[in-house]
Amino acid sequence: MPHVTHRGQRIHYTVDGAGPLVVLQHGLFMDAASWKTNGFVDALTAAGFQVACVDSLGHGLSDRPLDPALYVQQQRAGDIVAVIDDLGAERAHLIGYSMGAWMSVGVAKHHPGRLASLTVGGWDLVNGVPRMPGGTLTFDVFMAFSRAVAPALVSWVTPDIEPAIRACFDNLADLDGAADAVLNGGFPILLWDGVNDPYHNPSQAFAAANGLPFLSTPGDHLGAILQPQAIDGVVGFLKGSN
């Protein structure tokens with residue numbers, strides 16, 4: 001199975017198809033294989049793209065270190081670029097969803113010249129994770145909610161690996177420079193959210209205020225990525241950006 005070592009950490013990825021490179025970066029608790037399950041890989045390869053799906057650090061078959069310093073945005077953006085390098089590509093179309101969108105914005109901040117386009121899905125790049133009535137959403141509250149509503153999704157998060165997942169979540173608070181990176185990177189941008197996702201309305205407003213395309217699909221945060229409309233919309237955007 002292909003992998004690349006970056007900053008001493010093994011990053012696993014899958015690769016399918018041939019053509020211009022598209023890199024898919026999953027969200028928290030997911031893995032590279034989820035893009036195949038939800039239909040994105042087959043749709044993109046059928047459209048003439050080479051598709052690389054990256055297991056984020058702490059997830060899937062990539063390493064799972066516990067040091068929080070390894071999960072900062074710049075280093076994780078570098079993991080994505082290391083995969084692009086490993087595949088011999090100068091630039092790639094990058095699709096990130098949820099935490100993966102945050103990571104992808106990091107590529108826009110630190111490696112803008114490596115992007116052929118950027119799709120930011122399931123994420124509010126200005127405000128980050130939604131606020132709760134009592135203030136900032138904490139990892140402990142988020143984990144309790146996830147275990148209640150999607151136990152199968154988080155069943156692999158055992159106590160020994162939980163510090164790594166906490167580090168993933170806590171670093172999502174780094175939003176510095178995100179808007180400028182997306183607006184001034186010089187590459188095509190697509191923002192995408194499910195209509196029932198808390199991120200939908202603020203992302204749609206940001207897109208409208210800045211003249212960016214916005215893809216609104218059925219579904220909530222977990223369900224939007226499963227919608228055929230999402231796949232069709234993203235593939236159409238990539239064809240127009242290629």
# chains A, B, ... in the order shown; residues from 1 in each chain; ligands from 1

$ select_by_dssp --residues "range 120-215 of chain A" --states "alpha helix (DSSP H)" --output "ChimeraX atom specification"
/A:139-149,151-154,162-170,178-183,200-210

$ write_last_selection --atoms "N, CA and C atoms" --output "short mmCIF file (atom, residue, chain, number, x, y, z; two decimals), in the first residue's frame"
data_model
loop_
_atom_site.label_atom_id
_atom_site.label_comp_id
_atom_site.auth_asym_id
_atom_site.auth_seq_id
_atom_site.Cartn_x
_atom_site.Cartn_y
_atom_site.Cartn_z
N PHE A 139 -13.92 19.33 23.11
CA PHE A 139 -13.72 17.97 22.60
C PHE A 139 -14.55 16.97 23.38
N ASP A 140 -14.61 17.10 24.69
CA ASP A 140 -15.35 16.14 25.50
C ASP A 140 -16.84 16.14 25.15
N VAL A 141 -17.41 17.32 24.96
CA VAL A 141 -18.82 17.41 24.56
C VAL A 141 -19.00 16.82 23.17
N PHE A 142 -18.09 17.14 22.28
CA PHE A 142 -18.18 16.64 20.91
C PHE A 142 -18.10 15.11 20.87
N MET A 143 -17.19 14.53 21.65
CA MET A 143 -17.05 13.08 21.67
C MET A 143 -18.29 12.43 22.25
N ALA A 144 -18.84 13.00 23.31
CA ALA A 144 -20.05 12.43 23.90
C ALA A 144 -21.20 12.46 22.90
N PHE A 145 -21.33 13.56 22.18
CA PHE A 145 -22.37 13.68 21.16
C PHE A 145 -22.15 12.65 20.05
N SER A 146 -20.91 12.52 19.59
CA SER A 146 -20.60 11.59 18.50
C SER A 146 -20.88 10.15 18.90
N ARG A 147 -20.55 9.79 20.12
CA ARG A 147 -20.81 8.43 20.59
C ARG A 147 -22.31 8.16 20.70
N ALA A 148 -23.08 9.21 20.94
CA ALA A 148 -24.53 9.04 21.07
C ALA A 148 -25.21 8.92 19.71
N VAL A 149 -24.77 9.71 18.72
CA VAL A 149 -25.48 9.76 17.44
C VAL A 149 -24.84 8.89 16.37
N PRO A 151 -22.28 5.94 16.93
CA PRO A 151 -21.34 5.10 17.68
C PRO A 151 -20.41 4.28 16.79
N ALA A 152 -20.90 3.83 15.65
CA ALA A 152 -20.04 3.03 14.76
C ALA A 152 -18.89 3.86 14.21
N LEU A 153 -19.15 5.14 14.00
CA LEU A 153 -18.14 6.02 13.42
C LEU A 153 -16.95 6.21 14.36
N VAL A 154 -17.21 6.20 15.67
CA VAL A 154 -16.15 6.50 16.64
C VAL A 154 -15.73 5.29 17.46
N GLU A 162 -7.19 8.24 21.98
CA GLU A 162 -8.00 9.46 22.14
C GLU A 162 -7.18 10.74 22.24
N PRO A 163 -5.99 10.75 22.86
CA PRO A 163 -5.21 12.00 22.88
C PRO A 163 -4.87 12.52 21.48
N ALA A 164 -4.65 11.62 20.54
CA ALA A 164 -4.37 12.06 19.17
C ALA A 164 -5.60 12.70 18.54
N ILE A 165 -6.76 12.11 18.77
CA ILE A 165 -7.99 12.67 18.20
C ILE A 165 -8.33 13.99 18.87
N ARG A 166 -8.06 14.09 20.17
CA ARG A 166 -8.25 15.37 20.86
C ARG A 166 -7.37 16.45 20.24
N ALA A 167 -6.13 16.10 19.93
CA ALA A 167 -5.23 17.07 19.30
C ALA A 167 -5.75 17.50 17.94
N CYS A 168 -6.30 16.54 17.18
CA CYS A 168 -6.91 16.89 15.89
C CYS A 168 -8.00 17.94 16.09
N PHE A 169 -8.87 17.67 17.04
CA PHE A 169 -10.01 18.56 17.29
C PHE A 169 -9.55 19.92 17.81
N ASP A 170 -8.68 19.92 18.79
CA ASP A 170 -8.27 21.18 19.40
C ASP A 170 -7.58 22.11 18.41
N ALA A 178 -7.08 32.18 7.21
CA ALA A 178 -7.81 31.26 6.33
C ALA A 178 -8.51 32.00 5.20
N ALA A 179 -9.25 33.04 5.54
CA ALA A 179 -10.00 33.76 4.50
C ALA A 179 -9.07 34.36 3.46
N ASP A 180 -7.99 35.00 3.90
CA ASP A 180 -7.05 35.60 2.95
C ASP A 180 -6.42 34.54 2.06
N ALA A 181 -6.09 33.39 2.63
CA ALA A 181 -5.45 32.33 1.84
C ALA A 181 -6.38 31.83 0.74
N VAL A 182 -7.66 31.69 1.07
CA VAL A 182 -8.62 31.19 0.10
C VAL A 182 -8.93 32.24 -0.97
N LEU A 183 -9.03 33.48 -0.55
CA LEU A 183 -9.42 34.54 -1.50
C LEU A 183 -8.27 35.01 -2.37
N HIS A 200 -23.54 25.50 6.85
CA HIS A 200 -24.10 25.88 5.56
C HIS A 200 -24.30 27.38 5.42
N ASN A 201 -25.07 27.97 6.30
CA ASN A 201 -25.44 29.38 6.13
C ASN A 201 -24.26 30.34 6.22
N PRO A 202 -23.36 30.20 7.22
CA PRO A 202 -22.21 31.11 7.22
C PRO A 202 -21.30 30.93 6.01
N SER A 203 -21.14 29.70 5.53
CA SER A 203 -20.31 29.47 4.35
C SER A 203 -20.96 30.05 3.10
N GLN A 204 -22.25 29.88 3.00
CA GLN A 204 -22.97 30.44 1.86
C GLN A 204 -22.87 31.97 1.86
N ALA A 205 -22.99 32.57 3.04
CA ALA A 205 -22.88 34.02 3.13
C ALA A 205 -21.48 34.50 2.75
N PHE A 206 -20.45 33.76 3.19
CA PHE A 206 -19.07 34.12 2.83
C PHE A 206 -18.87 34.02 1.33
N ALA A 207 -19.39 32.96 0.74
CA ALA A 207 -19.26 32.79 -0.70
C ALA A 207 -19.93 33.94 -1.45
N ALA A 208 -21.15 34.29 -1.04
CA ALA A 208 -21.89 35.36 -1.71
C ALA A 208 -21.17 36.70 -1.56
N ALA A 209 -20.63 36.97 -0.38
CA ALA A 209 -19.96 38.24 -0.13
C ALA A 209 -18.67 38.39 -0.93
N ASN A 210 -18.08 37.25 -1.31
CA ASN A 210 -16.79 37.29 -1.99
C ASN A 210 -16.82 36.76 -3.42
#

$ residues_around --residues "Gly186 in chain A" --least-positions-apart "2" --cutoff "9 Å" --atoms "only C-alpha atoms" --output "JSON list (two decimals) with C-alpha atoms, in the first residue's frame"
[["chain", "number", "residue", "atom", "x", "y", "z"],
["A", 112, "PRO", "CA", -0.72, 27.84, -2.56],
["A", 113, "GLY", "CA", 1.36, 27.12, -5.62],
["A", 115, "LEU", "CA", -3.12, 23.82, -5.82],
["A", 117, "SER", "CA", -8.18, 24.16, -7.31],
["A", 182, "VAL", "CA", -8.62, 31.19, 0.10],
["A", 183, "LEU", "CA", -9.42, 34.54, -1.50],
["A", 184, "ASN", "CA", -5.90, 35.45, -2.62],
["A", 188, "PRO", "CA", -10.40, 28.26, -8.37]]

$ closest_residue --among "A:Ala43, A:Leu28, A:Val195, A:Leu87" --to "Ser56 in chain A" --atoms "only C-alpha atoms"
A:Leu28

$ atom_distance --atom1 "CA of Leu172 in chain A" --atom2 "CA of Leu24 in chain A"
18.3 Å

$ closest_residue --among "A:Val129, A:Arg114, A:Trp123, A:Ala150" --to "Gly88 in chain A" --atoms "only C-alpha atoms"
A:Arg114

$ closest_residue --among "A:Ala92, A:Leu57, A:Met103, A:Asp220" --to "Asn242 in chain A" --atoms "only C-alpha atoms"
A:Ala92

$ residues_around --residues "His93 in chain A" --least-positions-apart "2" --cutoff "10 Å" --atoms "only C-alpha atoms" --output "PyMOL selection string"
chain A and resi 20-24+49+51+91+95+114-119+187-188+238+241-242

$ residues_around --residues "Gly17 in chain A" --least-positions-apart "5" --cutoff "9 Å" --atoms "only C-alpha atoms" --output "PyMOL selection string"
chain A and resi 41-42+44-46+48-52

$ write_last_selection --atoms "N, CA and C atoms" --output "mmCIF file, in the first residue's frame"
data_model
loop_
_atom_site.group_PDB
_atom_site.id
_atom_site.type_symbol
_atom_site.label_atom_id
_atom_site.label_comp_id
_atom_site.auth_asym_id
_atom_site.auth_seq_id
_atom_site.Cartn_x
_atom_site.Cartn_y
_atom_site.Cartn_z
ATOM 1 N N VAL A 41 -14.611 8.383 -5.442
ATOM 2 C CA VAL A 41 -13.465 7.863 -6.200
ATOM 3 C C VAL A 41 -13.906 7.355 -7.568
ATOM 4 N N ASP A 42 -14.952 6.561 -7.604
ATOM 5 C CA ASP A 42 -15.401 6.015 -8.884
ATOM 6 C C ASP A 42 -15.859 7.113 -9.826
ATOM 7 N N LEU A 44 -14.860 10.265 -9.913
ATOM 8 C CA LEU A 44 -13.727 11.065 -10.369
ATOM 9 C C LEU A 44 -12.846 10.300 -11.353
ATOM 10 N N THR A 45 -12.619 9.030 -11.103
ATOM 11 C CA THR A 45 -11.818 8.262 -12.061
ATOM 12 C C THR A 45 -12.562 8.117 -13.391
ATOM 13 N N ALA A 46 -13.882 7.955 -13.335
ATOM 14 C CA ALA A 46 -14.681 7.882 -14.564
ATOM 15 C C ALA A 46 -14.626 9.192 -15.342
ATOM 16 N N GLY A 48 -11.984 10.984 -15.620
ATOM 17 C CA GLY A 48 -10.660 11.149 -16.186
ATOM 18 C C GLY A 48 -9.623 11.733 -15.256
ATOM 19 N N PHE A 49 -9.798 11.541 -13.946
ATOM 20 C CA PHE A 49 -8.838 12.035 -12.974
ATOM 21 C C PHE A 49 -8.094 10.894 -12.291
ATOM 22 N N GLN A 50 -6.872 11.161 -11.883
ATOM 23 C CA GLN A 50 -6.179 10.296 -10.936
ATOM 24 C C GLN A 50 -6.585 10.765 -9.538
ATOM 25 N N VAL A 51 -6.923 9.821 -8.664
ATOM 26 C CA VAL A 51 -7.486 10.176 -7.362
ATOM 27 C C VAL A 51 -6.634 9.570 -6.250
ATOM 28 N N ALA A 52 -6.139 10.433 -5.374
ATOM 29 C CA ALA A 52 -5.403 9.992 -4.187
ATOM 30 C C ALA A 52 -6.229 10.343 -2.953
#

$ select_by_dssp --residues "chain A" --states "strand (DSSP E or B)" --output "PyMOL selection string"
chain A and resi 3-6+9-16+21-25+50-54+92-97+115-121+131-132+135-136+189-194+214-217

$ atom_distance --atom1 "CA of Asp55 in chain A" --atom2 "CA of Arg10 in chain A"
9.8 Å

$ closest_atom_pairs --of "range 119-211 of chain A" --to "range 223-234 of chain A" --cutoff "9 Å" --atoms "only C-alpha atoms" --output "tab-separated table"
residue	atom	partner	partner_atom	distance
A:Thr119	CA	A:Val234	CA	7.8
A:Gly121	CA	A:Ile225	CA	8.6
A:Gly122	CA	A:Ala224	CA	8.1
A:Leu190	CA	A:Val234	CA	8.1
A:Trp192	CA	A:Ala230	CA	8.0
A:Asp193	CA	A:Ala224	CA	6.9
A:Gly194	CA	A:Ala224	CA	4.8
A:Val195	CA	A:Ala224	CA	8.1
A:Asn196	CA	A:Ala224	CA	8.5
A:Asp197	CA	A:Ala224	CA	8.1

$ write_last_selection --atoms "C-alpha atoms" --output "mmCIF file, in the first residue's frame"
data_model
loop_
_atom_site.group_PDB
_atom_site.id
_atom_site.type_symbol
_atom_site.label_atom_id
_atom_site.label_comp_id
_atom_site.auth_asym_id
_atom_site.auth_seq_id
_atom_site.Cartn_x
_atom_site.Cartn_y
_atom_site.Cartn_z
ATOM 1 C CA THR A 119 -12.945 22.552 -2.629
ATOM 2 C CA GLY A 121 -16.671 21.112 2.140
ATOM 3 C CA GLY A 122 -18.423 20.804 5.494
ATOM 4 C CA LEU A 190 -15.649 25.915 -4.431
ATOM 5 C CA TRP A 192 -19.841 23.201 -0.353
ATOM 6 C CA ASP A 193 -22.161 22.316 2.523
ATOM 7 C CA GLY A 194 -25.280 20.287 3.190
ATOM 8 C CA VAL A 195 -28.336 22.452 3.725
ATOM 9 C CA ASN A 196 -28.882 21.038 7.233
ATOM 10 C CA ASP A 197 -25.245 21.434 8.274
#

$ closest_residue --among "A:Ile11, A:Ile80, A:Val72, A:Leu61" --to "Ser104 in chain A" --atoms "only C-alpha atoms"
A:Ile80

$ atom_distance --atom1 "CA of Glu90 in chain A" --atom2 "CA of Val107 in chain A"
13.6 Å
